[in-house]
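Raw my_file-v2.pdb, PDB, C-alpha atoms:
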ATOM      1  CA  MET A   1      10.226  10.098 -12.537  1.00  0.00           C
ATOM      2  CA  SER A   2      10.819   6.872 -14.492  1.00  0.00           C
ATOM      3  CA  THR A   3      12.194   3.443 -13.600  1.00  0.00           C
ATOM      4  CA  ALA A   4      14.224   1.056 -15.736  1.00  0.00           C
ATOM      5  CA  LEU A   5      11.008  -0.479 -17.120  1.00  0.00           C
ATOM      6  CA  ASP A   6       9.991   2.863 -18.620  1.00  0.00           C
ATOM      7  CA  ILE A   7       7.501   3.359 -15.830  1.00  0.00           C
ATOM      8  CA  LEU A   8       6.093   6.793 -15.178  1.00  0.00           C
ATOM      9  CA  LEU A   9       5.328   7.674 -11.565  1.00  0.00           C
ATOM     10  CA  ARG A  10       2.737  10.418 -11.241  1.00  0.00           C
ATOM     11  CA  PRO A  11       0.070  11.651  -8.853  1.00  0.00           C
ATOM     12  CA  ALA A  12      -3.230   9.854  -9.254  1.00  0.00           C
ATOM     13  CA  ALA A  13      -5.901  11.866 -11.037  1.00  0.00           C
ATOM     14  CA  PRO A  14      -9.691  11.577 -10.646  1.00  0.00           C
ATOM     15  CA  ASP A  15      -9.857   9.697 -13.964  1.00  0.00           C
ATOM     16  CA  ASP A  16      -7.686   6.962 -12.390  1.00  0.00           C
ATOM     17  CA  ALA A  17     -10.299   5.937  -9.797  1.00  0.00           C
ATOM     18  CA  LEU A  18     -11.786   3.106 -11.885  1.00  0.00           C
ATOM     19  CA  CYS A  19      -8.421   1.576 -12.816  1.00  0.00           C
ATOM     20  CA  LEU A  20      -7.127   1.977  -9.250  1.00  0.00           C
ATOM     21  CA  SER A  21     -10.218   0.153  -8.024  1.00  0.00           C
ATOM     22  CA  VAL A  22      -9.774  -2.821 -10.335  1.00  0.00           C
ATOM     23  CA  LEU A  23      -6.000  -2.969  -9.845  1.00  0.00           C
ATOM     24  CA  ALA A  24      -6.425  -2.888  -6.053  1.00  0.00           C
ATOM     25  CA  MET A  25      -9.000  -5.682  -6.183  1.00  0.00           C
ATOM     26  CA  GLN A  26      -6.729  -7.806  -8.360  1.00  0.00           C
ATOM     27  CA  VAL A  27      -3.655  -7.382  -6.160  1.00  0.00           C
ATOM     28  CA  PHE A  28      -5.647  -7.784  -2.930  1.00  0.00           C
ATOM     29  CA  LEU A  29      -7.229 -11.029  -4.113  1.00  0.00           C
ATOM     30  CA  ASP A  30      -3.926 -12.369  -5.475  1.00  0.00           C
ATOM     31  CA  THR A  31      -2.366 -11.730  -2.066  1.00  0.00           C
ATOM     32  CA  TYR A  32      -5.102 -12.490   0.455  1.00  0.00           C
ATOM     33  CA  ALA A  33      -7.545 -14.890  -1.199  1.00  0.00           C
ATOM     34  CA  THR A  34      -5.127 -17.777  -0.840  1.00  0.00           C
ATOM     35  CA  GLU A  35      -7.931 -20.302  -0.396  1.00  0.00           C
ATOM     36  CA  GLY A  36     -10.400 -18.787  -2.861  1.00  0.00           C
ATOM     37  CA  ILE A  37     -13.252 -16.300  -2.590  1.00  0.00           C
ATOM     38  CA  ARG A  38     -15.932 -16.443   0.071  1.00  0.00           C
ATOM     39  CA  PRO A  39     -18.764 -13.964   0.775  1.00  0.00           C
ATOM     40  CA  ALA A  40     -17.076 -12.024   3.612  1.00  0.00           C
ATOM     41  CA  LEU A  41     -13.948 -11.491   1.533  1.00  0.00           C
ATOM     42  CA  ALA A  42     -15.948 -10.517  -1.549  1.00  0.00           C
ATOM     43  CA  ARG A  43     -17.923  -7.932   0.430  1.00  0.00           C
ATOM     44  CA  GLU A  44     -14.732  -6.521   1.979  1.00  0.00           C
ATOM     45  CA  VAL A  45     -13.105  -6.114  -1.442  1.00  0.00           C
ATOM     46  CA  LEU A  46     -16.146  -4.511  -3.079  1.00  0.00           C
ATOM     47  CA  ALA A  47     -16.669  -2.109  -0.173  1.00  0.00           C
ATOM     48  CA  GLY A  48     -13.051  -1.122   0.350  1.00  0.00           C
ATOM     49  CA  TYR A  49     -11.813  -0.874  -3.221  1.00  0.00           C
ATOM     50  CA  SER A  50     -14.623   0.734  -5.192  1.00  0.00           C
ATOM     51  CA  ALA A  51     -13.934   3.568  -7.616  1.00  0.00           C
ATOM     52  CA  GLU A  52     -15.979   5.791  -5.316  1.00  0.00           C
ATOM     53  CA  VAL A  53     -13.696   4.995  -2.367  1.00  0.00           C
ATOM     54  CA  PHE A  54     -10.628   5.870  -4.432  1.00  0.00           C
ATOM     55  CA  ALA A  55     -12.243   9.089  -5.688  1.00  0.00           C
ATOM     56  CA  ALA A  56     -13.020  10.136  -2.112  1.00  0.00           C
ATOM     57  CA  ASP A  57      -9.503   9.231  -0.964  1.00  0.00           C
ATOM     58  CA  MET A  58      -7.939  11.312  -3.746  1.00  0.00           C
ATOM     59  CA  ALA A  59     -10.069  14.280  -2.695  1.00  0.00           C
ATOM     60  CA  ALA A  60      -8.854  14.100   0.924  1.00  0.00           C
ATOM     61  CA  ALA A  61      -6.181  16.633   1.842  1.00  0.00           C
ATOM     62  CA  SER A  62      -4.277  14.045   3.894  1.00  0.00           C
ATOM     63  CA  THR A  63      -3.988  11.517   1.060  1.00  0.00           C
ATOM     64  CA  ARG A  64      -1.318  11.137  -1.587  1.00  0.00           C
ATOM     65  CA  ILE A  65      -1.742   8.404  -4.199  1.00  0.00           C
ATOM     66  CA  THR A  66       1.070   7.879  -6.664  1.00  0.00           C
ATOM     67  CA  VAL A  67       0.486   5.617  -9.645  1.00  0.00           C
ATOM     68  CA  ALA A  68       2.994   3.632 -11.650  1.00  0.00           C
ATOM     69  CA  GLU A  69       2.019   3.723 -15.304  1.00  0.00           C
ATOM     70  CA  ARG A  70       3.514   1.869 -18.242  1.00  0.00           C
ATOM     71  CA  ALA A  71       2.411   2.657 -21.799  1.00  0.00           C
ATOM     72  CA  GLY A  72      -0.833   4.173 -20.493  1.00  0.00           C
ATOM     73  CA  HIS A  73      -1.647   1.235 -18.197  1.00  0.00           C
ATOM     74  CA  LEU A  74      -1.649   1.393 -14.396  1.00  0.00           C
ATOM     75  CA  ILE A  75       0.542  -1.358 -12.938  1.00  0.00           C
ATOM     76  CA  GLY A  76       0.899  -0.231  -9.339  1.00  0.00           C
ATOM     77  CA  PHE A  77       0.264   2.483  -6.787  1.00  0.00           C
ATOM     78  CA  ALA A  78       1.279   3.771  -3.381  1.00  0.00           C
ATOM     79  CA  HIS A  79      -1.421   5.179  -1.078  1.00  0.00           C
ATOM     80  CA  LEU A  80      -0.053   7.465   1.641  1.00  0.00           C
ATOM     81  CA  THR A  81      -2.056   8.940   4.527  1.00  0.00           C
ATOM     82  CA  LEU A  82      -0.429  11.915   6.224  1.00  0.00           C
ATOM     83  CA  GLY A  83      -1.068  12.341   9.945  1.00  0.00           C
ATOM     84  CA  ALA A  84      -2.265   8.760  10.490  1.00  0.00           C
ATOM     85  CA  THR A  85      -0.914   7.478  13.789  1.00  0.00           C
ATOM     86  CA  GLU A  86      -0.147   4.049  15.182  1.00  0.00           C
ATOM     87  CA  PRO A  87       0.635   3.574  18.891  1.00  0.00           C
ATOM     88  CA  LEU A  88       3.107   0.756  18.195  1.00  0.00           C
ATOM     89  CA  ALA A  89       5.132   2.796  15.695  1.00  0.00           C
ATOM     90  CA  PRO A  90       8.082   4.831  16.969  1.00  0.00           C
ATOM     91  CA  PRO A  91       7.429   8.332  18.239  1.00  0.00           C
ATOM     92  CA  GLY A  92       7.580  11.205  15.808  1.00  0.00           C
ATOM     93  CA  VAL A  93       5.380  12.815  13.210  1.00  0.00           C
ATOM     94  CA  GLN A  94       3.784   9.769  11.622  1.00  0.00           C
ATOM     95  CA  ALA A  95       2.355   8.954   8.214  1.00  0.00           C
ATOM     96  CA  GLU A  96       0.912   5.631   7.038  1.00  0.00           C
ATOM     97  CA  LEU A  97       1.679   3.792   3.848  1.00  0.00           C
ATOM     98  CA  LEU A  98      -1.852   2.431   3.619  1.00  0.00           C
ATOM     99  CA  ARG A  99      -1.152   0.402   0.482  1.00  0.00           C
ATOM    100  CA  LEU A 100       1.665  -0.292  -1.923  1.00  0.00           C
ATOM    101  CA  TYR A 101       0.250  -2.551  -4.603  1.00  0.00           C
ATOM    102  CA  VAL A 102       2.037  -3.752  -7.730  1.00  0.00           C
ATOM    103  CA  GLN A 103       0.485  -6.033 -10.317  1.00  0.00           C
ATOM    104  CA  GLU A 104       2.094  -9.473  -9.974  1.00  0.00           C
ATOM    105  CA  ARG A 105       3.669  -9.424 -13.444  1.00  0.00           C
ATOM    106  CA  PHE A 106       5.661  -6.311 -12.464  1.00  0.00           C
ATOM    107  CA  THR A 107       6.893  -7.382  -9.015  1.00  0.00           C
ATOM    108  CA  ALA A 108      10.648  -7.701  -8.421  1.00  0.00           C
ATOM    109  CA  ARG A 109      11.316  -5.248 -11.263  1.00  0.00           C
ATOM    110  CA  GLY A 110      11.865  -2.035  -9.301  1.00  0.00           C
ATOM    111  CA  VAL A 111       8.302  -0.704  -9.436  1.00  0.00           C
ATOM    112  CA  GLY A 112       7.596  -1.229  -5.733  1.00  0.00           C
ATOM    113  CA  THR A 113      10.967   0.224  -4.762  1.00  0.00           C
ATOM    114  CA  ALA A 114      10.301   3.343  -6.842  1.00  0.00           C
ATOM    115  CA  LEU A 115       6.792   3.752  -5.407  1.00  0.00           C
ATOM    116  CA  LEU A 116       8.097   3.314  -1.857  1.00  0.00           C
ATOM    117  CA  ALA A 117      10.855   5.888  -2.391  1.00  0.00           C
ATOM    118  CA  GLN A 118       8.265   8.333  -3.729  1.00  0.00           C
ATOM    119  CA  ALA A 119       5.946   7.745  -0.746  1.00  0.00           C
ATOM    120  CA  GLU A 120       8.828   8.222   1.689  1.00  0.00           C
ATOM    121  CA  ALA A 121       9.821  11.474  -0.021  1.00  0.00           C
ATOM    122  CA  GLN A 122       6.221  12.745  -0.002  1.00  0.00           C
ATOM    123  CA  ALA A 123       5.798  11.898   3.679  1.00  0.00           C
ATOM    124  CA  ALA A 124       9.079  13.573   4.632  1.00  0.00           C
ATOM    125  CA  ALA A 125       8.273  16.646   2.521  1.00  0.00           C
ATOM    126  CA  ALA A 126       5.000  16.951   4.461  1.00  0.00           C
ATOM    127  CA  GLY A 127       6.912  16.875   7.764  1.00  0.00           C
ATOM    128  CA  ALA A 128       6.613  13.208   8.697  1.00  0.00           C
ATOM    129  CA  THR A 129       9.567  11.684  10.506  1.00  0.00           C
ATOM    130  CA  VAL A 130       8.166   8.122  10.670  1.00  0.00           C
ATOM    131  CA  LEU A 131       6.466   6.072   7.956  1.00  0.00           C
ATOM    132  CA  TRP A 132       4.583   2.972   9.100  1.00  0.00           C
ATOM    133  CA  LEU A 133       2.437   0.267   7.540  1.00  0.00           C
ATOM    134  CA  THR A 134       0.755  -2.985   8.510  1.00  0.00           C
ATOM    135  CA  PRO A 135       1.537  -5.912   6.183  1.00  0.00           C
ATOM    136  CA  TRP A 136      -0.286  -9.201   6.692  1.00  0.00           C
ATOM    137  CA  VAL A 137       1.717 -11.599   8.871  1.00  0.00           C
ATOM    138  CA  HIS A 138       1.606 -14.282   6.130  1.00  0.00           C
ATOM    139  CA  ASN A 139       2.762 -11.963   3.337  1.00  0.00           C
ATOM    140  CA  HIS A 140       6.400 -12.955   3.699  1.00  0.00           C
ATOM    141  CA  ARG A 141       7.448 -11.383   0.399  1.00  0.00           C
ATOM    142  CA  ALA A 142       6.120  -7.951   1.430  1.00  0.00           C
ATOM    143  CA  ARG A 143       7.596  -8.215   4.904  1.00  0.00           C
ATOM    144  CA  GLY A 144      10.992  -9.109   3.402  1.00  0.00           C
ATOM    145  CA  PHE A 145      10.697  -6.214   0.928  1.00  0.00           C
ATOM    146  CA  TYR A 146      10.190  -3.667   3.718  1.00  0.00           C
ATOM    147  CA  SER A 147      12.820  -5.211   5.979  1.00  0.00           C
ATOM    148  CA  ALA A 148      15.392  -4.964   3.183  1.00  0.00           C
ATOM    149  CA  ARG A 149      14.570  -1.255   2.901  1.00  0.00           C
ATOM    150  CA  GLY A 150      15.156  -0.435   6.549  1.00  0.00           C
ATOM    151  CA  TYR A 151      11.719  -1.032   8.079  1.00  0.00           C
ATOM    152  CA  ALA A 152      11.670  -2.615  11.533  1.00  0.00           C
ATOM    153  CA  ASP A 153       8.899  -4.721  13.085  1.00  0.00           C
ATOM    154  CA  PHE A 154       7.205  -3.128  16.099  1.00  0.00           C
ATOM    155  CA  GLY A 155       4.574  -5.751  16.911  1.00  0.00           C
ATOM    156  CA  ALA A 156       1.201  -7.218  16.054  1.00  0.00           C
ATOM    157  CA  THR A 157      -1.992  -5.450  15.106  1.00  0.00           C
ATOM    158  CA  TRP A 158      -5.243  -6.870  13.782  1.00  0.00           C
ATOM    159  CA  PHE A 159      -7.218  -6.204  10.600  1.00  0.00           C
ATOM    160  CA  ARG A 160     -10.875  -6.869  11.360  1.00  0.00           C
ATOM    161  CA  PHE A 161     -13.895  -7.327   9.131  1.00  0.00           C
ATOM    162  CA  GLU A 162     -17.188  -9.172   9.521  1.00  0.00           C
ATOM    163  CA  GLY A 163     -16.208 -10.662  12.866  1.00  0.00           C
ATOM    164  CA  GLU A 164     -12.860 -11.959  11.606  1.00  0.00           C
ATOM    165  CA  ALA A 165      -9.451 -10.872  12.892  1.00  0.00           C
ATOM    166  CA  HIS A 166      -6.311 -11.222  10.763  1.00  0.00           C
ATOM    167  CA  GLU A 167      -2.868 -10.598  12.218  1.00  0.00           C
ATOM    168  CA  ASN A 168      -0.767  -7.896  10.626  1.00  0.00           C
ATOM    169  CA  ARG A 169       2.604  -6.555  11.705  1.00  0.00           C
ATOM    170  CA  VAL A 170       3.368  -2.892  12.381  1.00  0.00           C
ATOM    171  CA  VAL A 171       6.562  -2.030  10.535  1.00  0.00           C
ATOM    172  CA  ALA A 172       8.060   1.432  10.459  1.00  0.00           C
ATOM    173  CA  LYS A 173      11.055   3.465   9.416  1.00  0.00           C
ATOM    174  CA  HIS A 174      12.470   6.815  10.482  1.00  0.00           C
ATOM    175  CA  LEU A 175      12.548   9.183   7.508  1.00  0.00           C
ATOM    176  CA  LEU A 176      15.382  11.493   6.612  1.00  0.00           C
ATOM    177  CA  PRO A 177      14.399  15.170   6.487  1.00  0.00           C
ATOM    178  CA  GLN A 178      13.888  16.504   2.966  1.00  0.00           C
ATOM    179  CA  GLU A 179      16.105  19.334   1.845  1.00  0.00           C
ATOM    180  CA  ALA A 180      14.298  22.444   0.662  1.00  0.00           C
TER
END

Could you express the structure from this file as structure tokens?
Amino acid sequence: MSTALDILLRPAAPDDALCLSVLAMQVFLDTYATEGIRPALAREVLAGYSAEVFAADMAAASTRITVAERAGHLIGFAHLTLGATEPLAPPGVQAELLRLYVQERFTARGVGTALLAQAEAQAAAAGATVLWLTPWVHNHRARGFYSARGYADFGATWFRFEGEAHENRVVAKHLLPQEA
């Protein structure tokens, strides 16, 4: 599947773990390190986005990672977790869009929309009827992106690390069944 930017969407492969790690760190820091880097944030990024973490995630049966590649370079990815549940999300068979990250230079160019459509299709094909995620309350661009694509806000949840709590929002969408 390709987008207008000549982007190839494909399943992540074990060889992608290193590039996924670095891309995730870059996008995470661009989004969340709005006041710079401090030790707690640095530790969270190194622990949560290592190549080893991505390799283990790719090996998990419940995980689907789709990468967006342009001319052999990774520019984004969607990380889907089948069977993950959230009490605030609507009832149904749930799946979580754990991450949808696009390198800043490629935002607003259809890459995120293509990755989201692929994640929705994968979740529905696996039997999910609800896809949910938890964007940061201050990430207005992401929250607007999901709202424009039919995701509704179901309330607050908290991302916690090293004694800190950061408000996120639970947003979710009912998925259309996939035709066989």

Please tell me which residues are no farther than 9 Å from (-6.9, 8.9, -4.8) in the file, counting only C-alpha atoms, and write them as a compact mmCIF listing (two decimals) with C-alpha atoms, in the frame of the given file.
# COMPACT_ATOMS: atom_id res chain seq x y z
CA PRO A 11 0.07 11.65 -8.85
CA ALA A 12 -3.23 9.85 -9.25
CA ALA A 13 -5.90 11.87 -11.04
CA PRO A 14 -9.69 11.58 -10.65
CA ASP A 16 -7.69 6.96 -12.39
CA ALA A 17 -10.30 5.94 -9.80
CA LEU A 20 -7.13 1.98 -9.25
CA VAL A 53 -13.70 5.00 -2.37
CA PHE A 54 -10.63 5.87 -4.43
CA ALA A 55 -12.24 9.09 -5.69
CA ALA A 56 -13.02 10.14 -2.11
CA ASP A 57 -9.50 9.23 -0.96
CA MET A 58 -7.94 11.31 -3.75
CA ALA A 59 -10.07 14.28 -2.70
CA ALA A 60 -8.85 14.10 0.92
CA THR A 63 -3.99 11.52 1.06
CA ARG A 64 -1.32 11.14 -1.59
CA ILE A 65 -1.74 8.40 -4.20
CA THR A 66 1.07 7.88 -6.66
CA HIS A 79 -1.42 5.18 -1.08

- prompt: Rounded to one decimal in Å, what is the spacing between atom CA of A:Ala126 and atom CA of A:Ala78?
  reply: 15.8 Å

field: Which residue of A:Trp158, A:Tyr32, A:Tyr151, A:Phe145 approaches A:Leu131 most closely, using only C-alpha atoms
entry: A:Tyr151

message: Applying 7 Å and all atoms listed in the file, which residues near stretch 86-100 of chain A remain after dropping the ones on its own chain fewer than 4 positions away? List them as number ranges by chain.
response: A: 77-82, 123, 127-133, 154-155, 170, 172

task: Please provide as a list of chain:residue names all residues within 10 Å of A:Tyr146, with the sequence filter that same-chain residues fewer than 4 positions apart are discarded (counting all atoms listed in the file).
output: A:Thr113, A:Leu116, A:Leu133, A:Pro135, A:Arg141, A:Ala142, A:Gly150, A:Tyr151, A:Ala152, A:Asp153, A:Val171, A:Ala172, A:Lys173
